[in-house]
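J.: Once you've had a glance at the structure underneath, I'll fire off some questions.
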Amino acid sequence: MRLKITIQYDGTDLSGWQSQPGESTVQGCLETAFEAFGCGRVVVHGAGRTDAGVHALGQVAHVDIDKVLEPATWIRALNVKLPVDIRVLRVEQVTEAFQARRSATGKVYHYRAWTSAVVSPFERRFVAHAPYPHDLDRMRVAAEALVGLHEFDAFTVADRDTLTTRRNLRRLDIDVHGDELRIEAEANGFLRSMVRTIAGTLLAVGDGRMSVDQVLEALATKRRGLAGPTAPARGLTLVRVDY
């Protein structure tokens with residue numbers, strides 16, 4: 001039987017999604033929870049591999065198991081075994097045609113930056129600190145240039161495990177809510193560190209460290225050194241995975 005699982009997590013104290021020996025990871029904790037509940041050794045397949053320190057409001061995974069329980073029972077059983085910074089929100093039985101990663105049609109991330117001089121202790125785990133004036137109009141011009149079907153070589157890492165860097169960035173919105181500057185990105189898929197690099201680039205445009213022309217040049221030449229810095233992991237959250 002295949003289960004589709006929707007998960008939330010505070011990634012601050014986690015070493016990312018993927019299981020690693022001696023590290024606390026989302027995948028590892030989920031697999032341990034299933035095993036502790038008498039399911040034996042299983043592999044939990046995620047929709048994507050979030051890096052250490054990155055959070056999720058709606059990560060999705062699938063797992064194949066022999067044990068048959070009601071969804072509400074699975075939720076209670078797993079959450080009892082999981083650390084408090086990982087919660088299972090929903091469990092659904094699906095067909096074997098469903099795969100958390102390959103069946104996904106899109107993902108939404110948001111990146112949060114705190115622009116005042118002092119970061120609230122209630123926000124510090126989930127925002128990057130950027131206490132400078134930001135030119136939102138200029139940031140939005142740069143963001144619009146990135147929207148569409150492009151090869152995002154300049155906005156990823158060299159050791160990625162993907163065959164192509166071509167992605168359709170469907171939406172890249174920038175809004176301000178009080179002291180929070182939020183960048184929201186929606187695409188058919190994202191490369192490793194892509195959202196964090198886009199966020200770092202847009203923040204650099206906003207505070208004057210980069211120009212819009214430099215962003216265009218980075219995109220056109222596919223040279224990582226011409227894009228902005230990779231923004232800190234703590235500001236990034238996977239909002240949802242679409243199917």
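Ordered as shown in the structure tokens, chains take letters A, B, and onward, while each chain numbers its residues from 1 and ligands are numbered from 1 in the order shown.
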I need the strand (DSSP E) residues of segment 24-241 of chain A per DSSP on the backbone, written as a ChimeraX atom specification.
T.: /A:45-46,55-64,86-94,106-114,128-129,148-151,166-177,180-187,236-241
J.: Can you list, as number ranges by chain, all residues belonging to segment 103-239 of chain A that DSSP tags as alpha helix (DSSP H)?
T.: A: 136-146, 194-206, 212-221
J.: Rank A:His177, A:Arg192, A:Lys4, A:His110 by their smallest atom-to-atom distance to Thr164 of chain A, using only C-alpha atoms, and report the top residue only.
T.: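 Checking each of A:His177, A:Arg192, A:Lys4, A:His110 against Thr164 of chain A, counting only C-alpha atoms, the winner is A:Arg192.
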J.: From the list A:Arg209, A:Arg196, A:Arg240, A:Arg223, which residue is nearest Pro133 of chain A when using only C-alpha atoms?
T.: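 Closest to Pro133 of chain A of all the choices is A:Arg209.
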J.: Would you please work out which residue, of A:Arg138, A:Arg76, A:Lys81, A:Arg90, is nearest to Val60 of chain A when using only C-alpha atoms?
T.: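 Going through A:Arg138, A:Arg76, A:Lys81, A:Arg90 one by one, the smallest distance to Val60 of chain A is for A:Arg90.
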J.: So which one's closest to Ile75 of chain A, A:Val141, A:Leu3, A:Met210, A:Val44? Using only C-alpha atoms, please.
T.: A:Leu3
J.: What does the distance from atom CA of Glu70 of chain A to atom CA of Lys107 of chain A come to in Å, to one decimal?
T.: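 According to the coordinates, atom CA of Glu70 of chain A and atom CA of Lys107 of chain A are separated by 27.9 Å.
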J.: One decimal, in Å: what's the spacing between atom CA of Val119 of chain A and atom CA of Ala52 of chain A?
T.: 21.2 Å
J.: For segment 102-191 of chain A versus segment 10-18 of chain A, which residues have an atom no more than 12 Å away, and what is each residue's nearest atom pair and distance in Å rounded to one decimal, using only C-alpha atoms, chain-then-number order, as a tab-separated table?
T.:
```
residue	atom	partner	partner_atom	distance
A:Glu123	CA	A:Asp10	CA	11.9
A:Arg124	CA	A:Thr12	CA	10.2
A:Arg125	CA	A:Thr12	CA	6.5
A:Phe126	CA	A:Thr12	CA	8.2
A:Val127	CA	A:Thr12	CA	10.9
```
J.: Near Trp74 of chain A, counting only C-alpha atoms, which residues have an atom at most 12 Å away, once you skip same-chain residues fewer than 2 positions from it, shown as a VMD selection string?
T.: chain A and resid 3 to 6 30 33 to 34 37 to 39 65 67 to 72 76 to 81 87 to 93
J.: Can you write out the residues you just picked, keeping N, CA, C and O atoms, as a compact mmCIF listing (two decimals), in the first residue's frame?
T.:
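Below is the file that was written, result.txt:
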```txt
# COMPACT_ATOMS: atom_id res chain seq x y z
N LEU A 3 1.29 5.28 0.67
CA LEU A 3 0.75 6.42 1.39
C LEU A 3 1.38 7.71 0.89
O LEU A 3 2.59 7.77 0.64
N LYS A 4 0.56 8.73 0.75
CA LYS A 4 1.02 10.10 0.49
C LYS A 4 0.96 10.86 1.80
O LYS A 4 -0.06 10.88 2.48
N ILE A 5 2.09 11.47 2.17
CA ILE A 5 2.20 12.13 3.47
C ILE A 5 2.51 13.61 3.25
O ILE A 5 3.39 13.96 2.46
N THR A 6 1.79 14.47 3.95
CA THR A 6 2.07 15.91 3.93
C THR A 6 2.68 16.28 5.27
O THR A 6 2.13 15.95 6.33
N LEU A 30 11.43 10.30 9.72
CA LEU A 30 10.20 9.66 9.27
C LEU A 30 10.39 8.14 9.14
O LEU A 30 9.54 7.36 9.57
N ALA A 33 10.43 6.62 12.49
CA ALA A 33 9.09 6.59 13.08
C ALA A 33 8.28 5.41 12.53
O ALA A 33 7.59 4.72 13.29
N PHE A 34 8.35 5.18 11.23
CA PHE A 34 7.64 4.03 10.65
C PHE A 34 8.18 2.72 11.21
O PHE A 34 7.42 1.81 11.55
N PHE A 37 7.05 1.93 14.63
CA PHE A 37 5.64 1.55 14.70
C PHE A 37 5.39 0.17 14.10
O PHE A 37 4.26 -0.21 13.84
N GLY A 38 6.47 -0.57 13.87
CA GLY A 38 6.33 -1.95 13.42
C GLY A 38 6.21 -2.14 11.93
O GLY A 38 5.73 -3.19 11.48
N CYS A 39 6.68 -1.17 11.15
CA CYS A 39 6.57 -1.27 9.69
C CYS A 39 7.85 -1.80 9.04
O CYS A 39 7.92 -1.91 7.82
N ILE A 65 4.10 0.59 2.38
CA ILE A 65 4.06 -0.18 3.62
C ILE A 65 3.05 -1.32 3.50
O ILE A 65 2.19 -1.31 2.63
N LYS A 67 1.37 -2.34 6.45
CA LYS A 67 0.42 -2.15 7.55
C LYS A 67 -0.75 -1.28 7.08
O LYS A 67 -0.55 -0.26 6.42
N VAL A 68 -1.97 -1.67 7.42
CA VAL A 68 -3.17 -0.93 7.02
C VAL A 68 -3.80 -0.29 8.24
O VAL A 68 -4.22 -0.99 9.18
N LEU A 69 -3.86 1.04 8.25
CA LEU A 69 -4.47 1.80 9.34
C LEU A 69 -5.25 2.97 8.75
O LEU A 69 -5.01 3.40 7.62
N GLU A 70 -6.15 3.51 9.53
CA GLU A 70 -6.87 4.70 9.12
C GLU A 70 -5.91 5.90 9.10
O GLU A 70 -4.95 5.95 9.90
N PRO A 71 -6.14 6.88 8.20
CA PRO A 71 -5.26 8.05 8.14
C PRO A 71 -5.06 8.74 9.49
O PRO A 71 -3.93 9.12 9.84
N ALA A 72 -6.13 8.93 10.23
CA ALA A 72 -6.01 9.61 11.53
C ALA A 72 -5.12 8.82 12.49
O ALA A 72 -4.39 9.42 13.29
N ARG A 76 -1.51 10.20 14.23
CA ARG A 76 -1.21 10.13 15.67
C ARG A 76 0.03 9.29 15.94
O ARG A 76 0.91 9.68 16.71
N ALA A 77 0.10 8.13 15.30
CA ALA A 77 1.20 7.21 15.56
C ALA A 77 2.55 7.80 15.15
O ALA A 77 3.54 7.69 15.89
N LEU A 78 2.59 8.42 14.00
CA LEU A 78 3.86 8.98 13.52
C LEU A 78 4.28 10.18 14.35
O LEU A 78 5.46 10.32 14.71
N ASN A 79 3.34 11.06 14.67
CA ASN A 79 3.70 12.26 15.43
C ASN A 79 4.18 11.94 16.84
O ASN A 79 4.99 12.69 17.40
N VAL A 80 3.71 10.84 17.40
CA VAL A 80 4.21 10.43 18.71
C VAL A 80 5.69 10.07 18.63
O VAL A 80 6.46 10.31 19.57
N LYS A 81 6.12 9.50 17.51
CA LYS A 81 7.50 9.04 17.35
C LYS A 81 8.43 10.10 16.78
O LYS A 81 9.66 9.95 16.86
N ARG A 87 6.17 17.51 11.95
CA ARG A 87 4.79 17.07 12.16
C ARG A 87 4.20 16.55 10.87
O ARG A 87 4.36 17.16 9.80
N VAL A 88 3.52 15.42 10.95
CA VAL A 88 2.73 14.90 9.85
C VAL A 88 1.35 15.52 9.92
O VAL A 88 0.66 15.44 10.94
N LEU A 89 0.92 16.18 8.83
CA LEU A 89 -0.38 16.85 8.80
C LEU A 89 -1.48 15.98 8.20
O LEU A 89 -2.61 15.98 8.67
N ARG A 90 -1.13 15.28 7.11
CA ARG A 90 -2.13 14.47 6.40
C ARG A 90 -1.49 13.17 5.91
O ARG A 90 -0.32 13.15 5.54
N VAL A 91 -2.29 12.13 5.90
CA VAL A 91 -1.90 10.84 5.32
C VAL A 91 -3.04 10.37 4.43
O VAL A 91 -4.19 10.33 4.85
N GLU A 92 -2.71 10.04 3.17
CA GLU A 92 -3.72 9.60 2.22
C GLU A 92 -3.23 8.34 1.52
O GLU A 92 -2.05 8.23 1.19
N GLN A 93 -4.14 7.40 1.28
CA GLN A 93 -3.79 6.23 0.48
C GLN A 93 -3.89 6.60 -0.99
O GLN A 93 -4.88 7.20 -1.43
```
J.: Find the residue from A:Leu57, A:Ala128, A:Val147, A:Ala154 that sits nearest to Asp173 of chain A; use only C-alpha atoms when measuring.
T.: A:Val147
J.: Applying 10 Å and only C-alpha atoms, which residues near Gly148 of chain A remain after dropping the ones on its own chain fewer than 3 positions away? List them as a count of residues only.
T.: 10
J.: For Thr230 of chain A, please output as a list in words all residues within 8 Å (counting only C-alpha atoms; exclusion window: fewer than 5 positions along the same chain).
T.: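 Those residues are Ser193, Arg196, Thr197, Ile198, Ala199, Gly200 and Thr201 of chain A.
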J.: Can you pull out the residues contacting Ser116 of chain A? Cut-off 8 Å, using only C-alpha atoms, and skip same-chain residues under 2 positions away; I want them as a PyMOL selection string.
T.: chain A and resi 114+118-119+130-132+179
J.: Write the residues you've just listed into a file as a tab-separated table (two decimals), in the first residue's frame, and include N, CA, C and O atoms for each of them.
T.:
```tsv
chain	number	residue	atom	x	y	z
A	114	TRP	N	13.94	40.09	7.13
A	114	TRP	CA	13.50	41.06	8.15
A	114	TRP	C	14.32	42.33	7.97
A	114	TRP	O	15.54	42.30	8.00
A	118	VAL	N	16.19	45.35	14.45
A	118	VAL	CA	16.13	44.27	15.44
A	118	VAL	C	15.17	43.20	14.95
A	118	VAL	O	14.04	43.49	14.55
A	119	VAL	N	15.62	41.95	14.98
A	119	VAL	CA	14.77	40.82	14.60
A	119	VAL	C	14.02	40.31	15.83
A	119	VAL	O	14.62	40.06	16.88
A	130	ALA	N	18.07	41.56	6.97
A	130	ALA	CA	18.50	42.47	5.91
A	130	ALA	C	18.08	43.89	6.28
A	130	ALA	O	17.17	44.46	5.67
A	131	PRO	N	18.72	44.49	7.29
A	131	PRO	CA	18.27	45.77	7.83
A	131	PRO	C	18.72	46.98	7.01
A	131	PRO	O	19.40	47.88	7.51
A	132	TYR	N	18.32	47.01	5.74
A	132	TYR	CA	18.70	48.11	4.86
A	132	TYR	C	17.47	48.55	4.07
A	132	TYR	O	16.53	47.77	3.87
A	179	ASP	N	7.70	44.75	8.86
A	179	ASP	CA	9.16	44.63	8.79
A	179	ASP	C	9.61	43.46	7.91
A	179	ASP	O	10.81	43.24	7.74
```
J.: So which residues touch Ser103 of chain A within 9 Å, counting only C-alpha atoms, skipping near sequence neighbours fewer than 5 positions away, as a VMD selection string?
T.: chain A and resid 47 97 to 98 242 to 243
J.: Can you write just those residues out, all heavy atoms, as a compact mmCIF listing (two decimals), in the first residue's frame?
T.:
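Wrote selection-v6.txt, looks like this:
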```txt
# COMPACT_ATOMS: atom_id res chain seq x y z
N ALA A 47 9.23 14.90 -2.12
CA ALA A 47 9.02 15.65 -3.37
C ALA A 47 10.25 16.46 -3.74
O ALA A 47 10.41 16.86 -4.89
CB ALA A 47 7.81 16.56 -3.23
N ALA A 97 0.88 4.56 -8.92
CA ALA A 97 1.27 5.50 -9.97
C ALA A 97 1.76 6.82 -9.39
O ALA A 97 2.51 7.56 -10.05
CB ALA A 97 0.10 5.75 -10.92
N PHE A 98 1.35 7.12 -8.16
CA PHE A 98 1.75 8.38 -7.54
C PHE A 98 3.18 8.30 -7.03
O PHE A 98 3.56 7.36 -6.32
CB PHE A 98 0.82 8.73 -6.36
CG PHE A 98 1.24 9.97 -5.62
CD1 PHE A 98 0.87 11.22 -6.07
CD2 PHE A 98 2.05 9.88 -4.48
CE1 PHE A 98 1.27 12.37 -5.41
CE2 PHE A 98 2.46 11.02 -3.82
CZ PHE A 98 2.07 12.27 -4.28
N ASP A 242 2.43 21.05 -5.74
CA ASP A 242 1.20 20.89 -6.50
C ASP A 242 1.24 19.61 -7.32
O ASP A 242 2.30 19.20 -7.82
CB ASP A 242 0.99 22.09 -7.44
CG ASP A 242 0.77 23.39 -6.68
OD1 ASP A 242 0.16 23.33 -5.59
OD2 ASP A 242 1.20 24.45 -7.18
N TYR A 243 0.05 18.99 -7.49
CA TYR A 243 -0.07 17.76 -8.28
C TYR A 243 -1.25 17.86 -9.24
O TYR A 243 -2.16 18.63 -9.04
CB TYR A 243 -0.28 16.56 -7.34
CG TYR A 243 0.95 16.29 -6.49
CD1 TYR A 243 1.06 16.85 -5.21
CD2 TYR A 243 1.99 15.51 -6.99
CE1 TYR A 243 2.20 16.61 -4.46
CE2 TYR A 243 3.12 15.28 -6.24
CZ TYR A 243 3.23 15.83 -4.97
OH TYR A 243 4.37 15.61 -4.22
```
